[in-house]
>>> print(open('query30.cif').read())   # mmCIF, C-alpha atoms
data_input
loop_
_atom_site.label_atom_id
_atom_site.label_comp_id
_atom_site.auth_asym_id
_atom_site.auth_seq_id
_atom_site.Cartn_x
_atom_site.Cartn_y
_atom_site.Cartn_z
CA MET A 1 5.21 24.64 -16.15
CA GLY A 2 7.59 23.23 -18.75
CA VAL A 3 7.34 19.98 -20.69
CA ALA A 4 9.58 17.12 -19.58
CA ALA A 5 12.56 16.92 -21.90
CA ALA A 6 15.52 14.71 -22.66
CA PRO A 7 18.73 15.18 -24.65
CA ALA A 8 17.99 15.17 -28.38
CA ASN A 9 20.15 12.13 -29.08
CA ASP A 10 17.82 9.93 -27.04
CA GLU A 11 15.24 7.85 -28.92
CA ALA A 12 11.70 9.01 -28.21
CA ALA A 13 8.96 6.52 -29.06
CA PRO A 14 5.40 7.72 -29.77
CA VAL A 15 3.98 6.28 -26.57
CA ALA A 16 0.86 7.54 -24.81
CA ALA A 17 1.05 11.32 -24.72
CA VAL A 18 1.16 13.03 -21.32
CA PRO A 19 -1.29 15.91 -20.73
CA VAL A 20 0.58 19.10 -19.81
CA GLU A 21 -1.24 21.90 -17.99
CA MET A 22 0.43 25.15 -19.09
CA ARG A 23 -1.85 27.48 -17.10
CA ALA A 24 -1.01 26.00 -13.70
CA GLY A 25 -4.61 26.51 -12.61
CA SER A 26 -4.79 30.11 -13.80
CA PRO A 27 -8.07 31.33 -15.37
CA VAL A 28 -6.35 33.22 -18.21
CA ARG A 29 -7.54 32.43 -21.74
CA ALA A 30 -4.26 33.00 -23.56
CA GLY A 31 -0.59 33.63 -22.91
CA ALA A 32 2.94 32.87 -24.00
CA TRP A 33 5.77 30.54 -23.05
CA PRO A 34 9.30 31.66 -24.09
CA GLU A 35 12.00 29.01 -24.37
CA ASP A 36 15.75 28.89 -25.02
CA ALA A 37 17.06 25.39 -25.73
CA GLU A 38 20.38 23.97 -26.86
CA ASP A 39 19.42 20.39 -27.67
CA LEU A 40 16.18 19.08 -26.17
CA VAL A 41 13.39 16.71 -27.15
CA ALA A 42 10.11 17.22 -25.31
CA MET A 43 8.37 13.95 -24.48
CA TRP A 44 5.14 13.10 -26.33
CA HIS A 45 2.45 15.28 -24.81
CA THR A 46 -0.79 17.18 -25.36
CA HIS A 47 -2.17 20.55 -24.29
CA ASP A 48 -5.74 21.58 -23.63
CA LEU A 49 -4.91 24.78 -25.52
CA HIS A 50 -4.11 25.59 -29.13
CA GLN A 51 -0.41 26.36 -29.57
CA LEU A 52 1.33 28.69 -32.03
CA LEU A 53 5.08 27.99 -31.91
CA TYR A 54 7.53 30.46 -33.47
CA ALA A 55 11.31 30.02 -33.63
CA PHE A 56 13.12 33.30 -34.19
CA GLU A 57 16.54 31.66 -33.86
CA GLY A 58 17.57 28.11 -34.75
CA VAL A 59 15.40 25.28 -36.03
CA ALA A 60 12.58 23.49 -34.20
CA GLU A 61 10.82 20.26 -35.20
CA VAL A 62 7.30 19.06 -34.43
CA GLU A 63 6.40 15.40 -34.86
CA THR A 64 2.90 13.93 -34.77
CA ASP A 65 1.53 10.49 -35.54
CA GLY A 66 2.06 10.49 -39.29
CA SER A 67 4.09 13.64 -39.99
CA HIS A 68 7.37 15.31 -39.07
CA HIS A 69 7.44 19.11 -39.48
CA LEU A 70 10.48 21.37 -39.74
CA LEU A 71 10.22 24.85 -38.25
CA PRO A 72 13.10 27.04 -39.49
CA PRO A 73 13.33 30.73 -38.55
CA GLN A 74 10.43 32.95 -39.67
CA GLN A 75 8.06 29.97 -39.75
CA ALA A 76 5.41 29.20 -37.15
CA ALA A 77 3.77 25.87 -36.31
CA TRP A 78 0.10 25.63 -35.43
CA ILE A 79 -0.50 22.72 -33.01
CA PRO A 80 -4.19 22.13 -32.23
CA ALA A 81 -5.39 21.50 -28.70
CA GLY A 82 -5.45 17.82 -27.78
CA LEU A 83 -3.12 16.69 -30.58
CA PRO A 84 -0.32 14.37 -29.33
CA HIS A 85 3.03 15.72 -30.46
CA GLN A 86 6.73 15.83 -29.72
CA THR A 87 8.85 18.97 -30.06
CA THR A 88 12.58 19.03 -30.75
CA LEU A 89 14.57 22.20 -30.07
CA ARG A 90 18.14 22.51 -31.33
CA LYS A 91 19.97 25.75 -30.50
CA VAL A 92 16.61 27.48 -30.62
CA ARG A 93 14.96 30.55 -29.16
CA THR A 94 11.21 30.22 -29.38
CA VAL A 95 8.00 31.80 -28.19
CA ALA A 96 4.87 29.65 -28.00
CA VAL A 97 1.50 31.39 -27.76
CA PHE A 98 -1.36 29.38 -26.25
CA PHE A 99 -5.07 30.03 -26.87
CA GLU A 100 -8.22 28.57 -25.41
CA PRO A 101 -9.82 26.55 -28.25
CA SER A 102 -12.84 28.86 -28.36
CA MET A 103 -10.59 31.75 -29.41
CA VAL A 104 -9.50 30.10 -32.71
CA ARG A 105 -12.14 27.78 -34.13
CA GLY A 106 -12.13 25.46 -37.13
CA HIS A 107 -8.43 24.61 -37.30
CA ASP A 108 -8.13 21.72 -34.86
CA ASP A 109 -7.37 18.81 -37.20
CA ARG A 110 -3.59 18.86 -37.77
CA VAL A 111 -0.30 20.70 -37.50
CA ARG A 112 0.32 23.45 -40.02
CA VAL A 113 3.59 25.25 -40.75
CA LEU A 114 3.12 28.83 -41.91
CA SER A 115 5.41 31.59 -43.11
CA ALA A 116 5.24 34.35 -40.54
CA ALA A 117 4.73 37.86 -41.89
CA ALA A 118 6.66 40.58 -40.05
CA PRO A 119 3.71 42.06 -38.07
CA VAL A 120 2.63 38.61 -36.84
CA ARG A 121 6.21 37.69 -35.91
CA GLU A 122 6.52 40.86 -33.87
CA MET A 123 3.22 40.19 -32.11
CA ILE A 124 4.23 36.63 -31.23
CA VAL A 125 7.52 37.78 -29.74
CA TYR A 126 5.81 40.66 -27.90
CA ALA A 127 3.31 38.18 -26.45
CA ALA A 128 6.13 36.88 -24.20
CA ARG A 129 5.29 39.87 -21.99
CA TRP A 130 2.27 37.88 -20.72
CA ARG A 131 3.10 34.31 -19.72
CA ILE A 132 0.47 31.62 -19.91
CA ASP A 133 1.03 30.69 -16.25
CA ARG A 134 0.41 34.21 -14.91
CA GLN A 135 -2.15 34.19 -12.12
CA SER A 136 -4.45 36.83 -13.57
CA SER A 137 -5.01 38.81 -16.73
CA ASP A 138 -5.72 42.45 -17.49
CA PRO A 139 -7.66 44.35 -20.19
CA THR A 140 -4.54 45.12 -22.23
CA ALA A 141 -3.46 41.47 -22.36
CA ASP A 142 -7.00 40.31 -23.15
CA ALA A 143 -7.32 42.77 -26.05
CA PHE A 144 -3.88 41.83 -27.37
CA PHE A 145 -4.56 38.08 -27.43
CA ILE A 146 -8.04 38.51 -28.92
CA ALA A 147 -6.46 40.48 -31.78
CA LEU A 148 -3.70 37.91 -32.22
CA ALA A 149 -6.25 35.07 -32.21
CA LEU A 150 -8.26 36.77 -34.97
CA LEU A 151 -5.13 37.30 -37.05
CA THR A 152 -4.08 33.70 -36.46
CA ALA A 153 -7.44 32.36 -37.67
CA GLU A 154 -7.12 34.47 -40.83
CA TRP A 155 -3.52 33.35 -41.26
CA LEU A 156 -4.47 29.67 -40.99
CA ASP A 157 -6.75 30.07 -44.00
CA THR A 158 -3.80 31.01 -46.20
CA ALA A 159 -1.45 28.58 -47.95
CA GLU A 160 0.82 26.65 -45.63
CA ALA A 161 4.48 25.83 -46.16
CA PRO A 162 5.12 22.20 -47.28
CA LEU A 163 7.87 21.76 -44.69
CA HIS A 164 7.07 18.27 -43.45
CA LEU A 165 7.85 14.62 -44.02
CA PRO A 166 5.62 11.59 -43.61
CA THR A 167 6.32 9.12 -40.82
CA SER A 168 5.31 5.47 -40.56
CA THR A 169 4.73 2.70 -38.06
CA VAL A 170 5.05 0.01 -40.77
CA PRO A 171 8.38 -1.60 -39.81
CA VAL A 172 9.92 -1.84 -43.28
CA VAL A 173 8.91 1.69 -44.27
CA ALA A 174 10.06 3.09 -40.93
CA ALA A 175 13.41 1.33 -41.43
CA VAL A 176 13.74 2.84 -44.91
CA MET A 177 13.03 6.32 -43.53
CA ARG A 178 15.49 5.87 -40.70
CA HIS A 179 18.29 4.66 -42.99
CA THR A 180 17.57 7.49 -45.42
CA GLN A 181 17.88 10.13 -42.71
CA GLU A 182 21.04 8.59 -41.28
CA HIS A 183 22.77 8.37 -44.70
CA LEU A 184 21.13 11.30 -46.44
CA ALA A 185 24.15 12.56 -48.38
CA ALA A 186 24.94 9.26 -50.10
CA VAL A 187 21.81 7.11 -49.96
CA ASP A 188 20.27 5.73 -53.15
CA GLU A 189 17.65 3.08 -53.89
CA GLN A 190 20.21 0.30 -54.15
CA SER A 191 21.91 1.07 -50.84
CA VAL A 192 18.71 1.57 -48.84
CA CYS A 193 17.26 -1.68 -50.20
CA ALA A 194 20.44 -3.57 -49.31
CA ALA A 195 20.41 -2.10 -45.80
CA VAL A 196 16.74 -2.92 -45.15
CA GLY A 197 16.63 -6.19 -47.04
CA ILE A 198 13.99 -5.55 -49.71
CA SER A 199 13.96 -5.27 -53.49
CA GLU A 200 13.80 -1.93 -55.28
CA ARG A 201 10.37 -2.86 -56.64
CA SER A 202 9.11 -3.63 -53.14
CA LEU A 203 10.55 -0.35 -51.88
CA ARG A 204 8.70 1.66 -54.50
CA ARG A 205 5.41 -0.15 -53.94
CA ALA A 206 5.49 -0.18 -50.13
CA PHE A 207 6.70 3.39 -49.74
CA ARG A 208 4.08 4.92 -52.03
CA ALA A 209 1.29 2.81 -50.56
CA GLU A 210 2.17 3.98 -47.04
CA THR A 211 3.02 7.64 -47.69
CA GLY A 212 1.36 8.62 -50.96
CA THR A 213 4.70 9.76 -52.36
CA SER A 214 7.79 8.15 -53.84
CA TRP A 215 10.95 7.36 -51.92
CA ARG A 216 12.95 9.61 -54.27
CA GLU A 217 10.65 12.53 -53.50
CA TYR A 218 10.97 11.76 -49.79
CA ARG A 219 14.76 11.84 -50.13
CA THR A 220 14.73 15.13 -52.05
CA THR A 221 12.43 16.79 -49.52
CA SER A 222 14.58 15.47 -46.67
CA ARG A 223 17.68 16.93 -48.28
CA VAL A 224 16.10 20.35 -48.75
CA LEU A 225 14.78 20.42 -45.18
CA ARG A 226 18.20 19.43 -43.84
CA ALA A 227 19.77 22.18 -45.97
CA MET A 228 17.31 24.74 -44.60
CA ALA A 229 18.36 23.87 -41.08
CA MET A 230 22.06 24.06 -41.98
CA LEU A 231 21.70 27.41 -43.74
CA ALA A 232 19.90 28.80 -40.70
CA GLU A 233 22.51 27.57 -38.22
CA HIS A 234 25.90 27.67 -39.93
CA ASP A 235 28.13 29.91 -42.04
CA ARG A 236 29.03 27.32 -44.68
CA SER A 237 28.59 28.23 -48.35
CA ILE A 238 25.58 27.32 -50.48
CA LEU A 239 27.73 24.88 -52.47
CA ASP A 240 29.10 23.18 -49.33
CA THR A 241 25.57 22.86 -47.98
CA ALA A 242 24.30 21.33 -51.22
CA VAL A 243 27.10 18.76 -51.24
CA ALA A 244 26.69 17.98 -47.54
CA VAL A 245 23.04 16.97 -48.00
CA GLY A 246 23.64 14.94 -51.18
CA PHE A 247 23.04 17.15 -54.21
CA GLU A 248 25.47 16.55 -57.05
CA SER A 249 25.16 20.03 -58.56
CA LEU A 250 24.37 23.54 -57.38
CA SER A 251 21.76 23.91 -60.12
CA GLY A 252 19.95 20.77 -58.97
CA PHE A 253 19.98 22.01 -55.40
CA ASP A 254 18.67 25.41 -56.47
CA ARG A 255 15.79 23.85 -58.43
CA ALA A 256 14.77 21.49 -55.62
CA PHE A 257 15.01 24.24 -53.00
CA ARG A 258 12.89 26.66 -55.03
CA ARG A 259 10.29 23.99 -55.80
CA LEU A 260 9.76 23.30 -52.09
CA THR A 261 10.20 26.77 -50.57
CA GLY A 262 9.49 29.21 -53.39
CA GLU A 263 12.86 30.95 -53.08
CA ARG A 264 16.50 30.38 -53.93
CA PRO A 265 18.87 29.10 -51.21
CA VAL A 266 20.91 32.32 -51.28
CA ASP A 267 17.77 34.44 -50.81
CA TYR A 268 16.52 32.20 -48.02
CA ARG A 269 19.83 32.45 -46.15
CA ARG A 270 19.96 36.23 -46.55
CA ARG A 271 16.38 36.65 -45.32
CA ILE A 272 16.92 34.40 -42.31
CA ARG A 273 20.12 36.12 -41.26
CA ASP A 274 18.71 39.61 -41.76
CA ALA A 275 15.74 38.70 -39.58
CA ALA A 276 18.02 37.23 -36.91
CA MET A 277 19.88 40.52 -36.73
CA ARG A 278 16.62 42.34 -36.01
CA GLU A 279 14.81 39.87 -33.79
CA VAL A 280 16.96 39.49 -30.69
CA PRO A 281 14.58 39.98 -27.75
CA ASP A 282 15.51 38.56 -24.37
CA VAL A 283 12.45 36.36 -24.00
CA THR A 284 13.67 34.83 -20.75
CA SER A 285 13.38 38.13 -18.92
CA THR A 286 9.82 38.97 -19.93
#
>>> encode(input="query30.cif", output="structure tokens")
Amino acid sequence: MGVAAAPANDEAAPVAAVPVEMRAGSPVRAGAWPEDAEDLVAMWHTHDLHQLLYAFEGVAEVETDGSHHLLPPQQAAWIPAGLPHQTTLRKVRTVAVFFEPSMVRGHDDRVRVLSAAAPVREMIVYAARWRIDRQSSDPTADAFFIALALLTAEWLDTAEAPLHLPTSTVPVVAAVMRHTQEHLAAVDEQSVCAAVGISERSLRRAFRAETGTSWREYRTTSRVLRAMAMLAEHDRSILDTAVAVGFESLSGFDRAFRRLTGERPVDYRRRIRDAAMREVPDVTST
């Protein structure tokens, strides 16, 4: 019972979200959905279940009305039941765990991105043993998902990772964001204003009024998030990555990366690659 998808280079507008029934009529309360994807964008949709999405290889993205979340390896995204969203998978291996809303209460307002501790990561991957569209459950599966739901509720009360960007439906702000993403390595205030046709003063005022943050901070966060994806997917050096996303110095890149993620780029890359060496389950065969 997959979600309709299209190649990731297609534009996907936030139109009315399509309800997707993951259980296929089954009475089970929780289960998993493993996915391998090269380059797919799921259409805007909703679930009647809470979703916990974990990417153990590659980088996934989750977009909602108002925010765009990056999900690099060892991070999990909490997507509440009923929330319209779009998921992008690029060279990703993921496991999504679905829960009936009654199993995890009080966290149904927005998407959260959370750093996944090793025991929780292992439980999410192991959950692929019991698919959400299975026709019946058993005591072992029920006990497992009850335990995982309790841990997830506790986990959601901890600090979340600030791995997201604002989005906008205001035409001029949306155009600024789009141009920034398309020219991330070289864009500055002057060039983005010339491209969109506004003054630098208008850019600063309109962007902060719409997003609550400055355009410069948006650009810096975008560069760090792009670098996180590149470090997770490619073998290029830290310096090459910094230059590719627009940082003029390695020290500036290191400071911005640590401010957003809490760790240095070299430590992040080592941790991600070490985890990838360990977490290589064949989720498609479970």
>>> resolve_selection(input="query30.cif", expression="the PyMOL selection byres ((chain A and resi 77-94) around 7)", output="number ranges by chain")
A: 17, 34-64, 71, 75-76, 95-96, 101, 108-114
>>> closest_residue(input="query30.cif", among="A:Val243, A:Met22, A:Ala175, A:Leu250", to="Asp133 of chain A", atoms="only C-alpha atoms")
A:Met22
>>> closest_residue(input="query30.cif", among="A:Cys193, A:Trp33, A:Ala161, A:Thr213", to="Ile124 of chain A", atoms="all atoms listed in the file")
A:Trp33
>>> closest_residue(input="query30.cif", among="A:Gly252, A:Gly246, A:Gly262, A:Gly66", to="Thr169 of chain A", atoms="only C-alpha atoms")
A:Gly66
>>> residues_near_point(input="query30.cif", point="(-8.4, 31.4, -25.9)", cutoff="8 Å", atoms="all atoms listed in the file", output="ChimeraX atom specification")
/A:29-30,49-50,98-104,145-146,149
>>> residues_around(input="query30.cif", residues="Val28 of chain A", least_positions_apart="4", cutoff="8 Å", atoms="only C-alpha atoms", output="PyMOL selection string")
chain A and resi 23+132+134-137
>>> write_last_selection(input="query30.cif", atoms="C-alpha atoms", output="PDB file, in the coordinates of the input")
ATOM      1  CA  ARG A  23      -1.850  27.480 -17.100  1.00  0.00           C
ATOM      2  CA  ILE A 132       0.470  31.620 -19.910  1.00  0.00           C
ATOM      3  CA  ARG A 134       0.410  34.210 -14.910  1.00  0.00           C
ATOM      4  CA  GLN A 135      -2.150  34.190 -12.120  1.00  0.00           C
ATOM      5  CA  SER A 136      -4.450  36.830 -13.570  1.00  0.00           C
ATOM      6  CA  SER A 137      -5.010  38.810 -16.730  1.00  0.00           C
TER       7      SER A 137
END
>>> atom_distance(input="query30.cif", atom1="atom CA of Met177 of chain A", atom2="atom CA of Leu163 of chain A")
16.3 Å
